[in-house]
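Read through the structure below, which is laid out as C-alpha cells, and then see the notes.
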Amino acid sequence: MKRRTALKTLGFGIGGAVVLTGGGYGVYYAAAKQDTVGRVTFDKALSIPPPAESKVDSTGARVFTLGIRSGRTRFKAGSTTRTWGVNGTYLGPTIRARRGERVEFAVHNGLDQETSLHWHGMHLPAAMDGGPHQTVAAGETWRPGWTIDQPAASLWYHPHVHGSTADHMYRGLAGLFIVDDEDSEASTLPSEYGVDDLPMIVQDRAFDGDNQFEERVPLGGSLGVIGDEVLVNGAIGPYVDVTTGLVRLRLLNGSNARLYNFGFSDDRTFSLVATDGGLLARPWNTERLSLSPGERAEIVVAFKPGERVELRSYPSAYGGTLGRVDGFDDRLDICQFRAAATLSDGADIPASLGVAPDLAGEEVARERSFVLASDRINSRSMAMDRIDFGVREGTVEVWDVVNDNGFLHNFHVHDVRFQVLAVDGGKPEPHLRGWKDTVLLAPGKHYRLAMRFHGHTDPNTPYMYHCHLLQHEDNGMMGQFVVLGEGEKVGAVPQSHHHS
Ligand code: C2O
Ligand code: CU
Ligand code: CU
C-alpha cells in the first residue's frame with residue numbers, strides 16, 4: 001500500500017519519467033505508444049456471456065444465483081491465467097430483468113477473501129447497492145432484492161470493496177445487467193441476444209511472461225495498469241460472424257483505467273442509440289465514440305454482404321497530463337466483423353427511440369460543487385464512516401463537477417441517472433444528451449449534472465459518488481451521500497459491514 005502511494009506520487013510529481021521499480025528507482029522511457037493494428041489475428045469467435053438463469057418463486061420474484069470463484073482461464077497459448085469469475089472462471093453471465101419485476105439474488109462468495117457485487121446504474125435501496133458497506137465475507141452468501149423501477153438500459157455489475165476494487169475487477173469480476181421495458185421490447189432495433197444484439201465487455205490487460213495478469217506495472221502513468229492487449233468478453237481479438245444487415249453492440253468499457261475512442265477501420269458511420277441510462281430520444285450518427293471506464297453505449301452498425309471491418313480504438317483527444325503513458329495515443333485493433341454473403345434484414349433504427357432527459361426546467365433544491373484532484377474530491381479522501389452530505393428525497397439537485405488536475409478522471413453517481421445540463425456553460429455534445437450515470441471529465445471543464453432523488457430513503461446507509469478510474473477510487477477519490485426522507489437527518493454508518 002505504501003509502495004503504491006509512493007509510486008503514484010512520483011508519477012504525479014515528475015511526469016512519469018522516473019518510477020519506483022523492484023526496490024530502487026528506475027527510468028521508464030515514456031516511449032512507444034501502442035499500435036496493434038495488423039498485429040491481431042482474430043482467430044476466435046466472439047464468446048457471448050450466457051444469460052443468467054433465474055427462477056420465478058411463489059411470490060413472483062425472479063431469483064438469480066451467482067457464485068463468485070477463482071479459477072484459471074486460457075487467453076493465450078501456454079499457461080492458463082489465474083482469474084476470478086461469476087458462475088465461471090472469468091466475467092459473469094448477463095443478468096436480464098424487466099421493469100416492474102422484483103429481482104432477488106443469492107450471491108455466494110467462494111473466494112478466500114471478502115468481495116462485493118455492485119449493480120452499477122441501478123436505482124435501488126442503498127442497502128442493496130453492493131458497495132463498500134455490503135461486502136460479502138469469504139464463504140458467505142448475500143441476498144439482496146429490489147423492484148426494478150427504471151427504463152430499459154444496459155447496466156452492469158462489479159465488485160466495490162474500498163481499496164480493492166481495482167484488483168478484484170482486474171481479476172475478472174464483472175458482467176452485464178440488461179433492463180428491458182415495454183418500449184425496448186416493442187422497438188425495432190436489433191434485439192436477438194448473441195445474434196444481432198451483442199454484448200461487448202471491452203477490457204485491456206497486461207500479461208507477464210507466464211501469462212499471468214500484471215496487476216502492477218512499473219510504469220509512471222497516473223492510472224495504474226494500462227494493458228497492451230484488448231479483450232472482448234474475455235478473449236483477445238475475437239471475430240464476429242455477421243448474419244444481419246444491422247447489428248447492435250452493447251459496449252461496456254470494463255477496463256480499470258483505459259479510455260477508448262471507438263471507431264471502425266474504414267471510418268464508417270454508426271448510430272449511437274443508447275447511453276448509460278437508456279435509449280436516446282433519437283439516434284446520433286458518428287464515426288467515433290469515447291467511453292471512459294464504467295460508461296456504456298449501445299450503437300447500431302450497418303454491414304454489407306461479404307465485407308470485413310475491424311472495431312478499433314483510436315488515439316483520443318483527451319489531452320491532459322501524461323497522455324502517452326496513459327494510453328491516449330494508442331491505436332488498438334479490438335474485434336473483426338465478417339459479414340456473410342447474404343444478410344437478413346428486419347430490424348431498423350427508428351427515428352425516435354426513447355424519452356429525452358427532462359430535468360432542465362425543474363426547480364433545483366440544491367446546488368453542490370465537486371472538485372476532483374489528487375485522489376480527493378473537494379480535498380477530502382473517502383472515509384467509510386463519514387457521510388459527506390444528505391440529499392432530500394423527491395428533489396432535483398444540480399452538481400457542478402470539475403477535473404482540476406489534468407489527469408484522466410470521470411464521475412459516477414450511484415442510485416440515479418443524471419442529465420448533463422451544460423459543459424463549461426455550453427450545450428453538451430450529442431453523445432452527452434441522453435441519460436448518464438458516469439461522465440468523462442475533460443480537464444478544467446465544468447460539468448453541470450442534474451439528478452432527481454426519489455424513493456429508497458435511508459439516513460444511515462450511504463451511496464457512493466466517485467471517479468471510476470479504479471486506482472483513483474481505491475486511493476480515496478470517492479465520497480458518500482444518503483437520501484433523506486421528510487424530517488430525517490444524516491445518520492451514522494453502522495460499525496459492522498458484514499453480512500451473513
Ligand atoms: Cu461502477 Cu461505484 O461503481
Ligand atoms: Cu455504480
Ligand atoms: Cu480519477
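Each chain of the C-alpha cells is named A, B, ... in the order shown, its residues numbered from 1; ligands are numbered from 1 in display order.
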Q: Write as a PyMOL selection string the residues around ligand 1, taking 10 Å as the cut-off and counting only C-alpha atoms and all ligand atoms.
A: chain A and resi 117-121+129-132+155-162+165+174+254+293-295+411-415+437-438+463-470+473+478-479
task = Identify all residues of segment 7-163 of chain A in strand (DSSP E or B) (DSSP on the backbone) and supply them as a PyMOL selection string.
result = chain A and resi 18-21+24-27+35+44-45+51+54-56+62-73+81-86+91+94-98+102-109+115+118-120+136+141-142+145-147+153-158
Please provide the set of residues having any atom within 7 Å of Val398 of chain A, restricted to only C-alpha atoms, with same-chain residues fewer than 3 positions apart removed, written as a PyMOL selection string.
chain A and resi 364+366-368+448-451
Those selected residues, please, written with all heavy atoms and delivered as a tab-separated table (two decimals), in the first residue's frame.
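New file again.tsv:
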```
chain	number	residue	atom	x	y	z
A	364	VAL	N	-34.64	23.57	-8.80
A	364	VAL	CA	-33.44	22.97	-8.23
A	364	VAL	C	-33.40	23.23	-6.72
A	364	VAL	O	-33.36	24.37	-6.28
A	364	VAL	CB	-32.17	23.53	-8.91
A	364	VAL	CG1	-30.91	22.97	-8.25
A	364	VAL	CG2	-32.21	23.20	-10.41
A	366	ARG	N	-31.05	22.27	-4.63
A	366	ARG	CA	-29.74	22.46	-4.03
A	366	ARG	C	-28.67	22.33	-5.11
A	366	ARG	O	-28.78	21.47	-5.97
A	366	ARG	CB	-29.57	21.36	-2.98
A	366	ARG	CG	-28.26	21.31	-2.25
A	366	ARG	CD	-28.24	22.29	-1.09
A	366	ARG	NE	-26.85	22.51	-0.71
A	366	ARG	CZ	-26.37	22.28	0.51
A	366	ARG	NH1	-27.15	21.84	1.48
A	366	ARG	NH2	-25.09	22.50	0.78
A	367	GLU	N	-27.69	23.19	-5.08
A	367	GLU	CA	-26.54	23.02	-5.96
A	367	GLU	C	-25.34	22.63	-5.10
A	367	GLU	O	-25.20	23.11	-3.98
A	367	GLU	CB	-26.23	24.32	-6.72
A	367	GLU	CG	-27.37	24.74	-7.62
A	367	GLU	CD	-26.90	25.47	-8.88
A	367	GLU	OE1	-25.68	25.52	-9.12
A	367	GLU	OE2	-27.77	25.97	-9.62
A	368	ARG	N	-24.49	21.79	-5.67
A	368	ARG	CA	-23.27	21.39	-4.96
A	368	ARG	C	-22.13	21.41	-5.95
A	368	ARG	O	-22.33	21.23	-7.15
A	368	ARG	CB	-23.40	19.96	-4.41
A	368	ARG	CG	-24.53	19.78	-3.45
A	368	ARG	CD	-24.63	18.33	-2.95
A	368	ARG	NE	-25.94	18.10	-2.37
A	368	ARG	CZ	-26.24	18.36	-1.09
A	368	ARG	NH1	-25.31	18.81	-0.27
A	368	ARG	NH2	-27.45	18.17	-0.62
A	448	ARG	N	-22.25	20.37	-15.49
A	448	ARG	CA	-23.42	20.56	-14.62
A	448	ARG	C	-24.36	19.39	-14.80
A	448	ARG	O	-24.90	19.18	-15.88
A	448	ARG	CB	-24.12	21.88	-14.94
A	448	ARG	CG	-23.37	23.09	-14.35
A	448	ARG	CD	-24.00	24.40	-14.76
A	448	ARG	NE	-25.33	24.61	-14.18
A	448	ARG	CZ	-25.53	24.99	-12.91
A	448	ARG	NH1	-24.52	25.16	-12.09
A	448	ARG	NH2	-26.75	25.19	-12.47
A	449	LEU	N	-24.52	18.63	-13.72
A	449	LEU	CA	-25.30	17.39	-13.77
A	449	LEU	C	-26.57	17.55	-12.94
A	449	LEU	O	-26.49	17.91	-11.76
A	449	LEU	CB	-24.48	16.22	-13.20
A	449	LEU	CG	-23.02	16.10	-13.68
A	449	LEU	CD1	-22.34	14.92	-12.97
A	449	LEU	CD2	-22.97	15.91	-15.20
A	450	ALA	N	-27.71	17.29	-13.58
A	450	ALA	CA	-28.99	17.39	-12.85
A	450	ALA	C	-29.49	15.99	-12.56
A	450	ALA	O	-29.44	15.10	-13.42
A	450	ALA	CB	-30.01	18.15	-13.70
A	451	MET	N	-29.95	15.77	-11.33
A	451	MET	CA	-30.46	14.45	-10.96
A	451	MET	C	-31.60	14.59	-9.97
A	451	MET	O	-31.63	15.51	-9.18
A	451	MET	CB	-29.33	13.58	-10.40
A	451	MET	CG	-28.65	14.15	-9.19
A	451	MET	SD	-26.98	13.46	-8.97
A	451	MET	CE	-25.99	14.61	-9.93
```
* To do: Find the residues around segment 225-234 of chain A up to 8 Å (only C-alpha atoms counted), leave out those fewer than 5 positions away in its own chain, and share them as a PyMOL selection string.
  => chain A and resi 34+46-49+75+90-91+199-207+214-217+219+256-258+326-327+332-335
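Between atom CA of Leu124 of chain A and atom CA of Lys55 of chain A lies a distance of 20.8 Å.
Closest approach to ligand 2 among A:Thr275, A:Phe262, A:Lys436, A:Asp385 is made by A:Lys436 (distances from only C-alpha atoms and all ligand atoms).
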Check: So which residues touch segment 493-495 of chain A within 12 Å, counting only C-alpha atoms, skipping near sequence neighbours fewer than 5 positions away, as a VMD selection string?
Finding: chain A and resid 126 to 127 132 to 134 383 to 388 458 to 463 480 to 482
Write the residues you've just listed into a file as a CSV table (one decimal), in the first residue's frame, and include N, CA, C and O atoms for each of them.
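Now in out-v1.csv:
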```csv
chain,number,residue,atom,x,y,z
A,126,ALA,N,-30.2,1.7,-0.8
A,126,ALA,CA,-28.7,1.8,-0.6
A,126,ALA,C,-28.2,0.5,0.0
A,126,ALA,O,-27.1,0.0,-0.3
A,127,ALA,N,-29.0,-0.2,0.8
A,127,ALA,CA,-28.5,-1.4,1.5
A,127,ALA,C,-28.4,-2.6,0.5
A,127,ALA,O,-27.8,-3.6,0.8
A,132,PRO,N,-19.2,-0.6,-0.8
A,132,PRO,CA,-18.2,-0.9,0.3
A,132,PRO,C,-18.9,-1.3,1.6
A,132,PRO,O,-18.2,-1.9,2.4
A,133,HIS,N,-20.1,-0.9,1.8
A,133,HIS,CA,-20.8,-1.3,3.0
A,133,HIS,C,-21.6,-2.6,3.0
A,133,HIS,O,-22.2,-3.0,3.9
A,134,GLN,N,-21.6,-3.2,1.8
A,134,GLN,CA,-22.3,-4.5,1.6
A,134,GLN,C,-21.3,-5.6,1.2
A,134,GLN,O,-21.6,-6.4,0.3
A,383,ALA,N,-13.8,8.3,3.5
A,383,ALA,CA,-13.7,7.6,4.8
A,383,ALA,C,-15.0,6.8,4.9
A,383,ALA,O,-16.1,7.4,4.8
A,384,MET,N,-14.8,5.6,5.3
A,384,MET,CA,-16.0,4.7,5.4
A,384,MET,C,-17.1,5.2,6.3
A,384,MET,O,-18.3,5.0,6.1
A,385,ASP,N,-16.6,5.8,7.4
A,385,ASP,CA,-17.6,6.2,8.4
A,385,ASP,C,-18.0,7.7,8.3
A,385,ASP,O,-18.7,8.2,9.2
A,386,ARG,N,-17.6,8.4,7.2
A,386,ARG,CA,-18.0,9.8,7.1
A,386,ARG,C,-19.1,9.9,6.0
A,386,ARG,O,-18.8,9.6,4.8
A,387,ILE,N,-20.2,10.3,6.3
A,387,ILE,CA,-21.2,10.6,5.3
A,387,ILE,C,-21.1,12.1,4.9
A,387,ILE,O,-21.2,13.0,5.7
A,388,ASP,N,-20.8,12.3,3.6
A,388,ASP,CA,-20.4,13.7,3.2
A,388,ASP,C,-21.6,14.7,3.2
A,388,ASP,O,-21.5,15.8,3.6
A,458,ASP,N,-32.8,6.3,3.4
A,458,ASP,CA,-32.1,5.6,4.4
A,458,ASP,C,-31.0,6.5,5.0
A,458,ASP,O,-30.0,6.7,4.3
A,459,PRO,N,-31.2,7.1,6.2
A,459,PRO,CA,-30.3,8.1,6.7
A,459,PRO,C,-28.9,7.5,7.1
A,459,PRO,O,-28.0,8.2,7.3
A,460,ASN,N,-28.8,6.1,7.2
A,460,ASN,CA,-27.6,5.5,7.7
A,460,ASN,C,-26.8,4.8,6.7
A,460,ASN,O,-25.7,4.3,7.0
A,461,THR,N,-27.4,4.5,5.5
A,461,THR,CA,-26.6,3.7,4.5
A,461,THR,C,-26.3,4.6,3.3
A,461,THR,O,-27.3,5.0,2.6
A,462,PRO,N,-25.1,4.9,3.1
A,462,PRO,CA,-24.7,5.8,2.0
A,462,PRO,C,-24.6,5.1,0.6
A,462,PRO,O,-24.3,3.9,0.5
A,463,TYR,N,-24.8,6.0,-0.4
A,463,TYR,CA,-24.5,5.7,-1.8
A,463,TYR,C,-23.1,6.4,-2.0
A,463,TYR,O,-22.8,7.3,-1.4
A,480,GLN,N,-19.5,9.9,0.0
A,480,GLN,CA,-20.8,9.1,0.3
A,480,GLN,C,-21.9,10.1,0.6
A,480,GLN,O,-21.7,11.1,1.3
A,481,PHE,N,-23.1,9.8,0.1
A,481,PHE,CA,-24.3,10.6,0.5
A,481,PHE,C,-25.4,9.7,0.8
A,481,PHE,O,-25.4,8.5,0.4
A,482,VAL,N,-26.4,10.2,1.6
A,482,VAL,CA,-27.6,9.5,1.9
A,482,VAL,C,-28.8,10.2,1.3
A,482,VAL,O,-28.7,11.4,1.1
```
Determine which residues of segment 41-228 of chain A DSSP labels as helix (DSSP H, G or I) from the backbone of this structure, then write them out as an NGL selection string.
-> :A and (126-128 or 165-170 or 182-186)
What separates atom CA of Gln419 of chain A and atom CA of Asp375 of chain A is a distance of 24.8 Å
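Coordinates place atom CA of Ser379 of chain A at a distance of 29.2 Å from atom CA of Glu429 of chain A.
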